[in-house]
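Enquirer: Quick one: the structure is below, questions incoming.
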Amino acid sequence: MLVSRIVDTSRAVGATRSRKVKIEALRTLLADLEPEEVEPVVAWLSGELRQGRIGIGWRTLADLPATPVDHSTVTVAEVDGLLTEVAGTSGSGSTERRRTLLTDLFTRTTPDERDFLVRLLTGDLRQGALEGIMTDAIAAAAALPVEPVRRAFMLSGRLPATATAALSGGVEALGAFRLEVGRPIRPMLASPAESLADAWTELGGDVSVEYKLDGARIQVHRNGDEIHIFTRTLREITGSVPELVELVVGLPCESAVFDGETLALTDSGRPRPFQETMSRFGAESARELLLHPYFFDCLHLDGIDLLDAPLEQRLDALETVAPQHRIPGLRRPDADTAATHFDDALAAGHEGVMVKSLSAPYAAGRRGRAWQKVKPEHTLDLVVLGAEWGYGRRTGYLSNLHLGARDPDGGDPIMVGKTFKGLTDALLQWQTDEFPRHERARDSHTVFLHPRIVVEIELDGVQVSSRYPGGVALRFARVLRYRPDKDPADADTIGAVRALLPG
């Protein structure tokens with residue numbers, strides 16, 4: 001298949017806000033692919049490369065002397081093969097060799113193809129084919145129910161491989177995906193609750209109420225003495241957290257997969273600021289700041305997969321192997337006891353509590369009502385769309401943030417407000433240094449950004465507003481912290497923002 005067909009589909013998907021139209025456009029394309037074309041095309045239309053990062057930046061691409069052609073001749077197989085060669089090029093002379101390969105490619109592409117490939121290579125391809133929509137399109141192209149496709153993806157973490165299995169082998173091939181110790185799965189997510197009483201009542205009191213820590217999500221895999229530790233975005237950090245590796249090796253089991261949080265503590269046992277915990281994830285050694293794990297789920301134990309087991313059974317397994325590292329929690333507390341536990345969590349310096357259904361399985365990668373998070377104030381994870389230059393004491397700094405909520409149908413983030421509140425001098429300096437690296441345009445007042453940076457915002461609520469395209473505006477929004485552990489795909493949706501409207 002010619003790359004021009006992929007570009008046309010990408011444009012069609014990006015031009016509509018209709019989920020149904022997006023899925024149909026992708027389904028039509030997927031149904032026409034040759035088997036060997038499925039993996040690269042699904043990766044591209046999800047905004048990724050099958051080869052992962054290949055060491056090519058915007059400056060390299062902008063400086064290429066290639067002149068595009070008028071008619072498309074480049075195939076999917078040719079581009080995928082060249083990208084594989086670029087990814088494998090290293091050592092002396094590798095920079096020039098990559099330039100030569102890419103120049104040869106761009107000399108044979110049309111302007112539209114070149115624009116598509118540049119955006120793909122620089123991580124700026126946003127045409128609305130998010131994972132949920134692509135998953136539905138794969139199911140439609142293979143004439144399968146969506147649930148086995150979704151489950152296979154959540155277990156494999158690889159949408160291109162899932163698509164290949166669905167299109168070539170159907171339900172049987174998808175069923176071959178299992179939880180594999182050492183390979184991360186996508187974490188189960190929680191929805192915000194209006195209050196502790198609402199969450200407790202909605203789940204019928206058959207719940208676990210646990211501290212919600214201000215830490216970093218980790219997924220820990222053990223197979224004998226082999227340990228792997230992953231972040232919430234499935235990035236492996238095993239080498240930078242030796243104290244966690246040592247602890248897990250000492251647990252009384254042969255194989256296990258744990259879900260939990262890790263955080264750094266002060267000498268008095270209170271949590272350190274979130275940024276201090278996150279700083280360890282990029283470190284080469286433990287230095288003096290030790291991380292402590294707090295597990296809240298067990299997905300596998302000594303050869304037995306527990307994903308489909310109810311939470312109560314998974315907690316029983318966790319208690320048998322790591323009770324001393326269990327996150328503080330209560331099973332089936334009455335309403336008053338749950339409220340006391342919530343107060344205790346806040347007094348200990350934590351964010352609030354999680355209320356979880358004891359009968360629910362582990363829904364990998366899904367955000368549902370079986371897990372609900374309760375905090376004393378409203379917070380949202382939003383995408384930074386731009387920042388305005390400050391004035392007065394903030395002259396020379398990028399200050400007032402433009403904030404967007406995620407479009408669940410894969411479009412660009414939807415602006416819901418601005419804020420300059422909560423910005424410390426250190427954050428102002430960081431924004432001014434960092435934001436130009438993500439610049440897509442600017443005018444005399446504002447630097448507009450590619451939607452890559454997630455910030456956690458505290459707010460008093462939202463109100464109906466015609467000022468912003470989402471029809472709502474944030475009330476008294478203030479910056480809590482940036483979230484380097486989250487991607488824009490993890491940001492809260494416009495629906496979650498609207499759900500905070502009174503009544």
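We name chains A, B, ... following the order of the structure tokens; residues begin at 1 in each chain, and ligands are numbered from 1 as shown.
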Can you check which parts of segment 64-165 of chain A lie within 9 Å of segment 345-366 of chain A? Per residue, the shortest pair of atoms and distance in Å to one decimal, counting only C-alpha atoms, sorted by chain and number, as JSON lines.
Expert:
{"residue": "A:Arg151", "atom": "CA", "partner": "A:Ala364", "partner_atom": "CA", "distance": 7.9}
{"residue": "A:Met154", "atom": "CA", "partner": "A:Ala364", "partner_atom": "CA", "distance": 5.8}
{"residue": "A:Leu155", "atom": "CA", "partner": "A:Ala364", "partner_atom": "CA", "distance": 7.5}
Enquirer: Give me, as a PyMOL selection string, the residues of segment 391-476 of chain A that a backbone DSSP run labels helix (DSSP H, G or I).
Expert: chain A and resi 392-394+425-438
Enquirer: Skipping near chain neighbours, those fewer than 6 positions away, what residues fall within 10 Å of Pro333 of chain A using only C-alpha atoms, listed as a list in words?
Expert: Trp200, Gly205, Asp206, Val207, Ser208, Val209, Ala339, Thr340 and His341 of chain A
Enquirer: Print the selection's residues with C-alpha atoms to a file, as an mmCIF file, in the first residue's frame.
Expert:
data_model
loop_
_atom_site.group_PDB
_atom_site.id
_atom_site.type_symbol
_atom_site.label_atom_id
_atom_site.label_comp_id
_atom_site.auth_asym_id
_atom_site.auth_seq_id
_atom_site.Cartn_x
_atom_site.Cartn_y
_atom_site.Cartn_z
ATOM 1 C CA TRP A 200 -19.327 4.316 49.731
ATOM 2 C CA GLY A 205 -20.413 -0.560 51.304
ATOM 3 C CA ASP A 206 -18.729 -3.724 49.968
ATOM 4 C CA VAL A 207 -15.462 -1.847 49.604
ATOM 5 C CA SER A 208 -11.864 -1.426 50.551
ATOM 6 C CA VAL A 209 -10.999 2.109 51.695
ATOM 7 C CA ALA A 339 -14.723 8.808 57.385
ATOM 8 C CA THR A 340 -12.226 8.418 60.228
ATOM 9 C CA HIS A 341 -9.820 6.622 57.867
#
Enquirer: For the atom pair atom CA of Arg478 of chain A and atom CA of Phe420 of chain A, what is the interatomic distance in Å to one decimal place?
Expert: 6.9 Å
Enquirer: So how far away is atom CA of Ile138 of chain A from atom CA of Lys22 of chain A, in Å?
Expert: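 Here the two named atoms are 11.9 Å from each other.
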Enquirer: In terms of the shortest atom-to-atom distance over only C-alpha atoms, which of A:Thr95, A:Gln219, A:Gln463, A:Thr135 is closest to Arg186 of chain A?
Expert: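 Nearest candidate to Arg186 of chain A out of A:Thr95, A:Gln219, A:Gln463, A:Thr135: A:Gln219.
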Enquirer: Using only C-alpha atoms, which of A:Ala142, A:Leu315, A:Leu480, A:Ile304 sits nearest Pro273 of chain A?
Expert: A:Leu480
Enquirer: List the neighbours of segment 173-175 of chain A out to 8 Å using only C-alpha atoms; skip same-chain residues closer than 6 positions along the sequence, and give me the result as a list in words.
Expert: Pro148, Val149, Ala152, Thr162, Ala165 and Ala166 of chain A
Enquirer: So how many Å separate atom CA of Glu261 of chain A and atom CA of Gly52 of chain A, to one decimal?
Expert: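 Distance between the two atoms: 26.8 Å.
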Enquirer: Which one is closest to Gly123 of chain A: A:Gly88, A:Gly93, A:Gly250, A:Gly47? Count only C-alpha atoms.
Expert: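 Using only C-alpha atoms, the shortest distance to Gly123 of chain A belongs to A:Gly47.
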Enquirer: For Gly204 of chain A, work out the shell of residues within 10 Å, counting only C-alpha atoms and skipping chain neighbours fewer than 5 positions away, then give it as a list of chain:residue names.
Expert: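 The neighbour list is A:Asp198, A:Ala199, A:Arg332, A:Ser357.
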Enquirer: For each of A:Arg119, A:His300, A:Arg367, A:Arg27, take the minimum atom-to-atom distance to Ala139 of chain A, counting only C-alpha atoms, then give the residue where this is smallest.
Expert: A:Arg27
Enquirer: Need to verify the contact set: Gly396 of chain A, 12 Å, only C-alpha atoms, exclusion of same-chain residues closer than 3 positions in sequence. Can you return it as a PDB file with N, CA and C atoms, in the first residue's frame?
Expert:
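Dumped everything to out.pdb:
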ATOM      1  N   GLU A 388       1.281  32.776  28.670  1.00  0.00           N
ATOM      2  CA  GLU A 388       1.428  34.193  28.346  1.00  0.00           C
ATOM      3  C   GLU A 388       2.610  34.781  29.100  1.00  0.00           C
ATOM      4  N   TRP A 389       3.265  35.745  28.482  1.00  0.00           N
ATOM      5  CA  TRP A 389       4.368  36.434  29.150  1.00  0.00           C
ATOM      6  C   TRP A 389       3.825  37.255  30.314  1.00  0.00           C
ATOM      7  N   GLY A 390       4.527  37.203  31.429  1.00  0.00           N
ATOM      8  CA  GLY A 390       4.079  37.914  32.622  1.00  0.00           C
ATOM      9  C   GLY A 390       4.393  39.400  32.565  1.00  0.00           C
ATOM     10  N   TYR A 391       3.893  40.125  33.545  1.00  0.00           N
ATOM     11  CA  TYR A 391       4.162  41.565  33.654  1.00  0.00           C
ATOM     12  C   TYR A 391       4.390  41.884  35.124  1.00  0.00           C
ATOM     13  N   GLY A 392       4.843  43.083  35.383  1.00  0.00           N
ATOM     14  CA  GLY A 392       5.170  43.456  36.758  1.00  0.00           C
ATOM     15  C   GLY A 392       6.325  42.610  37.258  1.00  0.00           C
ATOM     16  N   ARG A 393       6.159  42.002  38.434  1.00  0.00           N
ATOM     17  CA  ARG A 393       7.218  41.165  39.006  1.00  0.00           C
ATOM     18  C   ARG A 393       7.541  39.967  38.129  1.00  0.00           C
ATOM     19  N   SER A 399       4.092  32.929  32.218  1.00  0.00           N
ATOM     20  CA  SER A 399       3.307  32.849  33.443  1.00  0.00           C
ATOM     21  C   SER A 399       1.931  32.244  33.211  1.00  0.00           C
ATOM     22  N   LEU A 428       8.059  29.303  37.705  1.00  0.00           N
ATOM     23  CA  LEU A 428       8.120  30.316  36.650  1.00  0.00           C
ATOM     24  C   LEU A 428       9.407  30.189  35.849  1.00  0.00           C
ATOM     25  N   GLN A 429      10.523  29.991  36.537  1.00  0.00           N
ATOM     26  CA  GLN A 429      11.791  29.835  35.838  1.00  0.00           C
ATOM     27  C   GLN A 429      11.791  28.563  34.998  1.00  0.00           C
ATOM     28  N   GLN A 431       9.177  26.962  33.694  1.00  0.00           N
ATOM     29  CA  GLN A 431       8.308  27.142  32.534  1.00  0.00           C
ATOM     30  C   GLN A 431       9.002  27.951  31.445  1.00  0.00           C
ATOM     31  N   THR A 432       9.667  29.008  31.851  1.00  0.00           N
ATOM     32  CA  THR A 432      10.313  29.889  30.880  1.00  0.00           C
ATOM     33  C   THR A 432      11.440  29.174  30.150  1.00  0.00           C
ATOM     34  N   ASP A 433      12.136  28.274  30.837  1.00  0.00           N
ATOM     35  CA  ASP A 433      13.208  27.503  30.205  1.00  0.00           C
ATOM     36  C   ASP A 433      12.662  26.350  29.369  1.00  0.00           C
ATOM     37  N   HIS A 445       2.215  38.088  22.821  1.00  0.00           N
ATOM     38  CA  HIS A 445       1.785  37.884  24.202  1.00  0.00           C
ATOM     39  C   HIS A 445       1.941  36.443  24.703  1.00  0.00           C
ATOM     40  N   THR A 446       1.918  35.472  23.778  1.00  0.00           N
ATOM     41  CA  THR A 446       1.751  34.076  24.174  1.00  0.00           C
ATOM     42  C   THR A 446       2.670  33.148  23.396  1.00  0.00           C
TER      43      THR A 446
END
Enquirer: Mind checking DSSP for segment 195-238 of chain A and telling me the strand (DSSP E or B) residues as a list in words?
Expert: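 Put together, the selection reads Val207, Ser208, Val209, Glu210, Tyr211, Lys212, Ala216, Arg217, Ile218, Gln219, Val220, His221, Arg222, Asn223, Glu226, Ile227, His228, Ile229, Phe230, Thr231 and Glu236 of chain A.
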Enquirer: Those residues with C-alpha atoms, as a PDB file, in the first residue's frame please?
Expert:
ATOM      1  CA  VAL A 207     -15.462  -1.847  49.604  1.00  0.00           C
ATOM      2  CA  SER A 208     -11.864  -1.426  50.551  1.00  0.00           C
ATOM      3  CA  VAL A 209     -10.999   2.109  51.695  1.00  0.00           C
ATOM      4  CA  GLU A 210      -7.285   2.832  51.284  1.00  0.00           C
ATOM      5  CA  TYR A 211      -4.983   5.794  51.682  1.00  0.00           C
ATOM      6  CA  LYS A 212      -4.404   7.700  48.449  1.00  0.00           C
ATOM      7  CA  ALA A 216       4.397   7.673  41.928  1.00  0.00           C
ATOM      8  CA  ARG A 217       2.604   4.634  40.508  1.00  0.00           C
ATOM      9  CA  ILE A 218       4.766   1.529  40.086  1.00  0.00           C
ATOM     10  CA  GLN A 219       4.174  -1.949  38.706  1.00  0.00           C
ATOM     11  CA  VAL A 220       6.598  -4.550  40.046  1.00  0.00           C
ATOM     12  CA  HIS A 221       7.326  -7.878  38.343  1.00  0.00           C
ATOM     13  CA  ARG A 222       9.322 -10.695  39.907  1.00  0.00           C
ATOM     14  CA  ASN A 223      10.331 -13.979  38.278  1.00  0.00           C
ATOM     15  CA  GLU A 226      14.737 -11.270  37.983  1.00  0.00           C
ATOM     16  CA  ILE A 227      13.003  -8.014  38.884  1.00  0.00           C
ATOM     17  CA  HIS A 228      11.415  -5.404  36.618  1.00  0.00           C
ATOM     18  CA  ILE A 229       9.848  -2.161  37.862  1.00  0.00           C
ATOM     19  CA  PHE A 230       7.756   0.066  35.610  1.00  0.00           C
ATOM     20  CA  THR A 231       6.116   3.494  35.877  1.00  0.00           C
ATOM     21  CA  GLU A 236      11.145   0.625  33.003  1.00  0.00           C
TER      22      GLU A 236
END
Enquirer: For Ser90 of chain A, which residue among A:Ala193, A:Ser18, A:Ile54, A:Leu125 is the nearest when counting only C-alpha atoms?
Expert: A:Ile54
Enquirer: For Pro242 of chain A, which residue out of A:Leu290, A:Glu254, A:Leu121, A:Asp259 is the nearest one, using only C-alpha atoms?
Expert: A:Leu290
Enquirer: For Arg481 of chain A, please output as a ChimeraX atom specification all residues within 12 Å (counting only C-alpha atoms; exclusion window: fewer than 3 positions along the same chain).
Expert: /A:214,273-276,278,379-382,421-424,426-428,430-431,453-458,478,484-486
